[in-house]
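**Student:** Sharing upload25.csv here; it has CSV, C-alpha atoms.
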```csv
chain,number,residue,atom,x,y,z
N,1,MET,CA,-36.5,6.0,23.0
N,2,GLY,CA,-32.9,7.0,23.5
N,3,LYS,CA,-30.4,5.0,25.5
N,4,ILE,CA,-28.2,7.2,27.7
N,5,ASN,CA,-24.6,6.2,28.0
N,6,GLN,CA,-23.0,8.4,30.8
N,7,GLY,CA,-25.4,11.2,31.0
N,8,ILE,CA,-27.2,12.9,28.1
N,9,LEU,CA,-24.3,15.4,27.6
N,10,ASP,CA,-21.8,12.6,27.2
N,11,GLY,CA,-23.7,11.1,24.2
N,12,PHE,CA,-26.7,8.8,23.7
N,13,ASN,CA,-28.2,6.6,21.0
N,14,GLY,CA,-31.7,7.1,19.7
N,15,LYS,CA,-34.3,9.8,20.1
N,16,VAL,CA,-34.6,12.0,23.2
N,17,GLY,CA,-37.2,14.7,22.8
N,18,THR,CA,-36.5,16.6,19.6
N,19,VAL,CA,-32.9,15.3,19.3
N,20,VAL,CA,-31.5,12.1,17.9
N,21,GLY,CA,-28.1,10.8,19.1
N,22,TYR,CA,-25.8,8.5,17.1
N,23,LYS,CA,-22.2,7.7,16.3
N,24,VAL,CA,-20.2,8.5,13.1
N,25,ASN,CA,-16.7,6.9,12.9
N,26,GLY,CA,-16.7,6.5,16.7
N,27,LYS,CA,-17.7,10.1,17.4
N,28,LYS,CA,-20.9,11.0,19.3
N,29,VAL,CA,-23.0,13.4,17.4
N,30,MET,CA,-26.6,14.7,17.5
N,31,ARG,CA,-29.1,16.0,15.0
N,32,ALA,CA,-32.6,17.4,15.1
N,33,TYR,CA,-35.4,14.9,15.0
N,34,VAL,CA,-37.4,15.1,11.8
N,35,ASP,CA,-41.0,14.0,12.3
N,36,LYS,CA,-42.0,13.8,8.7
N,37,ILE,CA,-39.6,12.9,5.9
N,38,ARG,CA,-40.2,14.9,2.8
N,39,ASN,CA,-40.3,12.7,-0.3
N,40,PRO,CA,-41.2,15.0,-3.2
N,41,ARG,CA,-42.2,13.2,-6.4
N,42,THR,CA,-41.9,15.9,-9.0
N,43,SER,CA,-41.2,14.9,-12.6
N,44,LEU,CA,-37.6,16.2,-12.2
N,45,GLN,CA,-37.0,14.1,-9.1
N,46,MET,CA,-38.5,11.0,-10.6
N,47,ASP,CA,-36.3,11.4,-13.7
N,48,ASN,CA,-33.2,11.8,-11.5
N,49,ARG,CA,-34.1,8.7,-9.5
N,50,LEU,CA,-34.6,6.7,-12.7
N,51,ARG,CA,-31.2,8.0,-14.1
N,52,PHE,CA,-29.5,7.0,-10.8
N,53,LYS,CA,-31.2,3.6,-10.9
N,54,THR,CA,-30.1,3.0,-14.5
N,55,LEU,CA,-26.5,3.9,-13.7
N,56,SER,CA,-26.5,1.7,-10.7
N,57,GLN,CA,-27.8,-1.3,-12.8
N,58,LEU,CA,-25.1,-0.7,-15.4
N,59,ALA,CA,-22.4,-0.4,-12.7
N,60,SER,CA,-23.5,-3.8,-11.4
N,61,ALA,CA,-23.5,-5.5,-14.8
N,62,PHE,CA,-20.1,-4.0,-15.8
N,63,MET,CA,-18.4,-4.9,-12.5
N,64,SER,CA,-16.3,-7.8,-13.9
N,65,ALA,CA,-14.7,-5.3,-16.3
N,66,THR,CA,-14.5,-2.2,-14.1
N,67,GLY,CA,-13.1,-4.3,-11.3
N,68,ILE,CA,-10.0,-4.5,-13.4
N,69,GLY,CA,-10.2,-1.5,-15.7
N,70,MET,CA,-11.1,1.1,-13.1
N,71,GLU,CA,-9.4,-0.3,-10.0
N,72,ARG,CA,-6.5,2.2,-10.0
N,73,VAL,CA,-8.8,5.2,-10.7
N,74,ALA,CA,-11.1,4.2,-7.9
N,75,LYS,CA,-8.2,3.9,-5.4
N,76,SER,CA,-6.8,7.3,-6.4
N,77,LEU,CA,-10.2,8.9,-5.8
N,78,ARG,CA,-10.7,6.9,-2.6
N,79,ASN,CA,-13.9,5.7,-4.1
N,80,THR,CA,-15.5,2.4,-4.9
N,81,VAL,CA,-15.3,1.0,-8.4
N,82,CYS,CA,-19.1,1.1,-8.7
N,83,ASN,CA,-19.2,4.8,-7.7
N,84,SER,CA,-16.4,5.6,-10.0
N,85,PHE,CA,-18.2,4.0,-12.9
N,86,MET,CA,-21.4,5.9,-12.2
N,87,LYS,CA,-19.5,9.2,-11.9
N,88,VAL,CA,-17.6,8.7,-15.1
N,89,ASN,CA,-20.6,7.6,-17.1
N,90,GLN,CA,-23.2,10.1,-15.9
N,91,SER,CA,-23.5,11.8,-19.2
N,92,ALA,CA,-24.1,8.5,-21.0
N,93,VAL,CA,-27.6,8.1,-19.4
N,94,SER,CA,-30.5,10.5,-20.0
N,95,VAL,CA,-34.2,10.3,-19.1
N,96,ARG,CA,-36.9,11.5,-21.5
N,97,GLY,CA,-40.6,11.1,-20.9
N,98,GLY,CA,-40.0,8.8,-17.9
N,99,GLU,CA,-37.8,6.4,-19.9
N,100,ALA,CA,-34.0,6.0,-19.6
N,101,GLU,CA,-31.8,6.1,-22.6
N,102,VAL,CA,-28.3,4.8,-22.6
N,103,ASP,CA,-25.6,6.0,-25.1
N,104,TYR,CA,-23.8,2.6,-25.1
N,105,GLY,CA,-21.0,4.0,-27.4
N,106,SER,CA,-19.8,6.5,-24.7
N,107,LEU,CA,-19.8,4.1,-21.7
N,108,MET,CA,-16.4,3.6,-20.2
N,109,CYS,CA,-15.3,0.5,-18.3
N,110,SER,CA,-11.5,1.2,-18.1
N,111,LEU,CA,-9.5,4.4,-17.6
N,112,GLY,CA,-5.7,4.9,-17.6
N,113,GLY,CA,-2.7,6.5,-19.2
N,114,MET,CA,-1.7,3.7,-21.5
N,115,PRO,CA,-2.5,4.2,-25.2
N,116,GLN,CA,-5.7,2.6,-26.4
N,117,VAL,CA,-5.7,-0.7,-28.3
N,118,ALA,CA,-6.6,-0.5,-32.0
N,119,PHE,CA,-9.5,-2.9,-32.1
N,120,GLY,CA,-11.2,-4.2,-35.3
N,121,ASN,CA,-14.9,-5.0,-35.7
N,122,ALA,CA,-16.6,-7.6,-33.6
N,123,SER,CA,-17.5,-10.8,-35.5
N,124,PHE,CA,-20.6,-12.9,-34.6
N,125,ALA,CA,-20.1,-15.4,-37.5
N,126,GLU,CA,-20.0,-18.4,-35.2
N,127,PRO,CA,-23.0,-19.3,-33.1
N,128,GLN,CA,-22.8,-18.2,-29.4
N,129,ARG,CA,-19.4,-16.7,-30.0
N,130,VAL,CA,-17.8,-13.3,-30.6
N,131,SER,CA,-14.3,-12.6,-31.9
N,132,VAL,CA,-12.4,-9.4,-32.1
N,133,SER,CA,-9.0,-8.7,-33.8
N,134,PHE,CA,-6.6,-6.0,-32.7
N,135,SER,CA,-3.2,-4.6,-33.6
N,136,THR,CA,-0.2,-6.4,-32.2
N,137,SER,CA,1.9,-3.2,-32.5
N,138,ALA,CA,3.7,-2.3,-29.2
N,139,ASP,CA,6.0,0.4,-30.5
N,140,MET,CA,4.2,3.3,-28.7
N,141,PRO,CA,5.3,4.6,-25.3
N,142,ARG,CA,3.9,2.7,-22.3
N,143,THR,CA,2.9,-0.3,-24.3
N,144,ASP,CA,4.4,-3.8,-24.4
N,145,ALA,CA,4.0,-7.0,-26.5
N,146,GLN,CA,2.9,-8.9,-23.4
N,147,ASP,CA,0.1,-6.4,-22.4
N,148,LYS,CA,-3.1,-8.3,-21.4
N,149,VAL,CA,-6.1,-7.5,-23.7
N,150,TYR,CA,-9.7,-8.0,-22.7
N,151,ILE,CA,-13.1,-7.7,-24.3
N,152,PHE,CA,-16.3,-7.2,-22.4
N,153,VAL,CA,-19.8,-8.0,-23.8
N,154,TYR,CA,-22.9,-6.4,-22.4
N,155,GLN,CA,-26.5,-7.6,-23.0
N,156,PRO,CA,-29.0,-4.8,-22.1
N,157,ASP,CA,-32.2,-6.9,-22.1
N,158,THR,CA,-30.9,-9.1,-19.3
N,159,ASN,CA,-28.5,-6.5,-17.9
N,160,GLN,CA,-25.7,-9.0,-17.9
N,161,GLY,CA,-22.1,-8.7,-18.9
N,162,LEU,CA,-19.2,-11.1,-19.5
N,163,LEU,CA,-15.5,-10.4,-19.5
N,164,SER,CA,-13.2,-12.5,-21.6
N,165,ALA,CA,-10.0,-14.2,-20.4
N,166,PRO,CA,-7.0,-12.0,-21.1
N,167,VAL,CA,-4.8,-12.6,-24.2
N,168,ALA,CA,-1.3,-11.2,-24.9
N,169,ARG,CA,-1.1,-8.3,-27.3
N,170,THR,CA,1.0,-10.6,-29.6
N,171,GLU,CA,-2.1,-12.8,-30.1
N,172,GLY,CA,-3.8,-10.2,-32.2
N,173,SER,CA,-7.3,-11.5,-31.5
N,174,VAL,CA,-9.6,-12.5,-28.7
N,175,ASP,CA,-12.5,-14.9,-28.8
N,176,MET,CA,-15.1,-15.8,-26.2
N,177,ARG,CA,-18.2,-17.9,-25.9
N,178,LEU,CA,-21.6,-16.3,-25.1
N,179,PRO,CA,-24.6,-17.8,-23.3
N,180,VAL,CA,-27.0,-19.8,-25.3
N,181,SER,CA,-29.8,-17.7,-23.7
N,182,TRP,CA,-28.4,-14.6,-25.6
N,183,THR,CA,-29.1,-16.2,-29.0
N,184,GLY,CA,-30.8,-13.6,-31.2
N,185,MET,CA,-30.2,-10.8,-28.7
N,186,THR,CA,-28.2,-7.6,-29.3
N,187,VAL,CA,-25.0,-7.1,-27.4
N,188,HIS,CA,-22.5,-4.3,-27.0
N,189,VAL,CA,-18.7,-5.0,-27.1
N,190,TYR,CA,-15.9,-3.1,-25.3
N,191,GLY,CA,-12.2,-3.6,-25.2
N,192,PHE,CA,-9.3,-2.5,-23.0
N,193,ALA,CA,-5.8,-3.6,-22.0
N,194,VAL,CA,-3.6,-3.8,-18.8
N,195,GLY,CA,0.1,-3.3,-19.1
N,196,ASP,CA,2.2,-6.4,-18.4
N,197,GLY,CA,5.7,-5.3,-19.5
N,198,ARG,CA,8.7,-4.2,-17.5
N,199,ASP,CA,8.0,-0.5,-17.8
N,200,ASN,CA,4.2,-0.5,-17.9
N,201,SER,CA,3.1,-3.2,-15.4
N,202,GLY,CA,-0.4,-2.5,-14.1
N,203,LEU,CA,-1.1,0.5,-16.3
N,204,ARG,CA,-4.6,0.6,-17.9
N,205,CYS,CA,-5.8,2.2,-21.1
N,206,ASP,CA,-9.1,3.9,-21.7
N,207,SER,CA,-11.7,1.4,-22.9
N,208,SER,CA,-12.9,1.4,-26.6
N,209,TYR,CA,-16.4,0.8,-27.8
N,210,ILE,CA,-15.9,-1.9,-30.4
N,211,GLY,CA,-19.5,-2.0,-31.6
N,212,THR,CA,-22.7,-3.9,-31.4
N,213,GLY,CA,-24.2,-7.1,-33.0
N,214,ASN,CA,-26.6,-9.9,-32.7
N,215,VAL,CA,-25.6,-13.2,-31.1
N,216,GLY,CA,-26.0,-16.1,-33.6
```
Since I need it in another form, could you write the structure as C-alpha cells?
**Tutor:**
Amino acid sequence: MGKINQGILDGFNGKVGTVVGYKVNGKKVMRAYVDKIRNPRTSLQMDNRLRFKTLSQLASAFMSATGIGMERVAKSLRNTVCNSFMKVNQSAVSVRGGEAEVDYGSLMCSLGGMPQVAFGNASFAEPQRVSVSFSTSADMPRTDAQDKVYIFVYQPDTNQGLLSAPVARTEGSVDMRLPVSWTGMTVHVYGFAVGDGRDNSGLRCDSSYIGTGNVG
C-alpha cells in the first residue's frame, strides 16, 4: 500500500493501483508496477551471471591490491575500485559449458602512467614464503629510487589474496610470508609500484603478472 505525502500528485511511497512511487536522490518519481518479474534462465543468461559472479569474487579477493593500485583510476571514472577492477578485467573471464575460466596472466590489479617495474621470477624455495627480485633502475621518466614496490599473491582455491608490505625500489627484492594453509597449493603472483619521488608522488604503474608456483 502506498503512503501519500501531500496528495498523490505531490509524491508518494509504495504501490498505488498500477503505479509505484519512490525517491531517487531526493526527487519523487513514479514507475509502472510490474506484477511478475521476468527471470529468464537461458544458457546465455546463466553464463553471463556466472561470469559476473566470478568477476565479483575476484574483485573481492584482489581488494587489498586494487585499493592501492586502482584508487586513482576509480576516482577519475567516478567509480568504485571493485567496479573498476571488474570492468578492466572483463575479458579475463570466460564461461564454457557452464564453467568459468580465468586467464590469470591477463588480470590487472594496478593501472597508471608510471613505467612498469622489471620483475624477475617468483621463488618458492623457502616453505610458506615467496620472494621476487626486480630491477633497481630508476633512470626512466616518472620513476624514482624511492618508489614503493608491492607484490600481490592470489590463491584461487580459497579465493584469497595477500598484499606484501611495500619496499623501496632500491631494495631490489620483496619477500613475504604465506599462510600455512596454502602449503601445496598453486598461487599467482602480481607486482606493481607507487611513485614516491619528488616528481612522481602518487603515480601508479600497470601491474605485471610475475608468474605462478606452488607454496612449499
**Student:** Would you work out the distance separating CA of Gln90 in chain N from CA of Tyr209 in chain N, expressed in Å to one decimal?
**Tutor:**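 We find that CA of Gln90 in chain N and CA of Tyr209 in chain N lie 16.6 Å from each other.
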**Student:** Within 12 Å of (-16.4, -18.2, -23.8) (coordinates as in the file), grab all the protein and nucleic acid residues, counting only C-alpha atoms, and write them out as an mmCIF file with C-alpha atoms, in the coordinates of the input.
**Tutor:**
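What follows is the written file point.cif:
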```
data_model
loop_
_atom_site.group_PDB
_atom_site.id
_atom_site.type_symbol
_atom_site.label_atom_id
_atom_site.label_comp_id
_atom_site.auth_asym_id
_atom_site.auth_seq_id
_atom_site.Cartn_x
_atom_site.Cartn_y
_atom_site.Cartn_z
ATOM 1 C CA GLU N 126 -20.000 -18.400 -35.200
ATOM 2 C CA PRO N 127 -23.000 -19.300 -33.100
ATOM 3 C CA GLN N 128 -22.800 -18.200 -29.400
ATOM 4 C CA ARG N 129 -19.400 -16.700 -30.000
ATOM 5 C CA VAL N 130 -17.800 -13.300 -30.600
ATOM 6 C CA SER N 131 -14.300 -12.600 -31.900
ATOM 7 C CA ILE N 151 -13.100 -7.700 -24.300
ATOM 8 C CA PHE N 152 -16.300 -7.200 -22.400
ATOM 9 C CA VAL N 153 -19.800 -8.000 -23.800
ATOM 10 C CA LEU N 162 -19.200 -11.100 -19.500
ATOM 11 C CA LEU N 163 -15.500 -10.400 -19.500
ATOM 12 C CA SER N 164 -13.200 -12.500 -21.600
ATOM 13 C CA ALA N 165 -10.000 -14.200 -20.400
ATOM 14 C CA PRO N 166 -7.000 -12.000 -21.100
ATOM 15 C CA VAL N 174 -9.600 -12.500 -28.700
ATOM 16 C CA ASP N 175 -12.500 -14.900 -28.800
ATOM 17 C CA MET N 176 -15.100 -15.800 -26.200
ATOM 18 C CA ARG N 177 -18.200 -17.900 -25.900
ATOM 19 C CA LEU N 178 -21.600 -16.300 -25.100
ATOM 20 C CA PRO N 179 -24.600 -17.800 -23.300
ATOM 21 C CA VAL N 180 -27.000 -19.800 -25.300
#
```
**Student:** Quick one: residues within 8 Å of Pro156 in chain N, only C-alpha atoms, excluding same-chain residues fewer than 2 positions away - as number ranges by chain?
**Tutor:** N: 154, 158-160, 186-187
**Student:** CA of Ala61 in chain N and CA of Thr80 in chain N, how far apart in Å?
**Tutor:**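 Distance reported for this atom pair: 15.0 Å.
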**Student:** Give me the residues within 7 Å of range 100-108 of chain N as a list in words, counting only C-alpha atoms and dropping any in the same chain fewer than 4 places off.
**Tutor:**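 Here the answer would be Leu50, Arg51, Asn89, Ala92, Val93, Ser94, Val95, Arg96, Ser207 and Tyr209 of chain N.
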**Student:** Between N:Met86, N:Ile210, N:Leu111, N:Ala125, single out the one closest to Ala193 in chain N, counting only C-alpha atoms.
**Tutor:** N:Leu111
**Student:** If we count all atoms listed in the file and set the cut-off at 6 Å, which residues sit around range 64-75 of chain N, ignoring sequence neighbours fewer than 4 positions away in its own chain? Please answer as JSON, numbers by chain.
**Tutor:** {"N": [79, 80, 81, 84, 109, 110, 111]}
**Student:** Identify, on the basis of only C-alpha atoms, every residue whose closest approach to Gln146 in chain N does not exceed 12 Å; exclude the query and any residue fewer than 6 positions from it along the same chain; express the result as a list in words.
**Tutor:**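 My reading of the contact set: Thr136, Ser137, Ala138, Pro166, Val167, Ala168, Arg169, Thr170, Glu171, Gly172, Ala193, Val194, Gly195, Asp196, Gly197, Arg198, Asp199, Asn200, Ser201 and Gly202 of chain N.
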**Student:** Rank N:Phe85, N:Phe62, N:Tyr150, N:Phe124 by their smallest atom-to-atom distance to Thr212 in chain N, using only C-alpha atoms, and report the top residue only.
**Tutor:**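 Counting only C-alpha atoms, the residue closest to Thr212 in chain N is N:Phe124.
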**Student:** Please list as a list of chain:residue names every residue within 9 Å of Gln116 in chain N, counting all atoms listed in the file and excluding residues in the same chain fewer than 5 positions away.
**Tutor:**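 That gives N:Phe192, N:Ala193, N:Arg204, N:Cys205, N:Asp206, N:Ser207, N:Ser208.
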**Student:** Find the residue from N:Ala145, N:Tyr190, N:Met185, N:Pro115 that sits nearest to Gly213 in chain N; use all atoms listed in the file when measuring.
**Tutor:** N:Met185
**Student:** Which is closest to Leu44 in chain N among N:Ser173, N:Gly97, N:Gly191, N:Gln57, if we use all atoms listed in the file?
**Tutor:**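 Among N:Ser173, N:Gly97, N:Gly191, N:Gln57, it is N:Gly97 that comes nearest to Leu44 in chain N.
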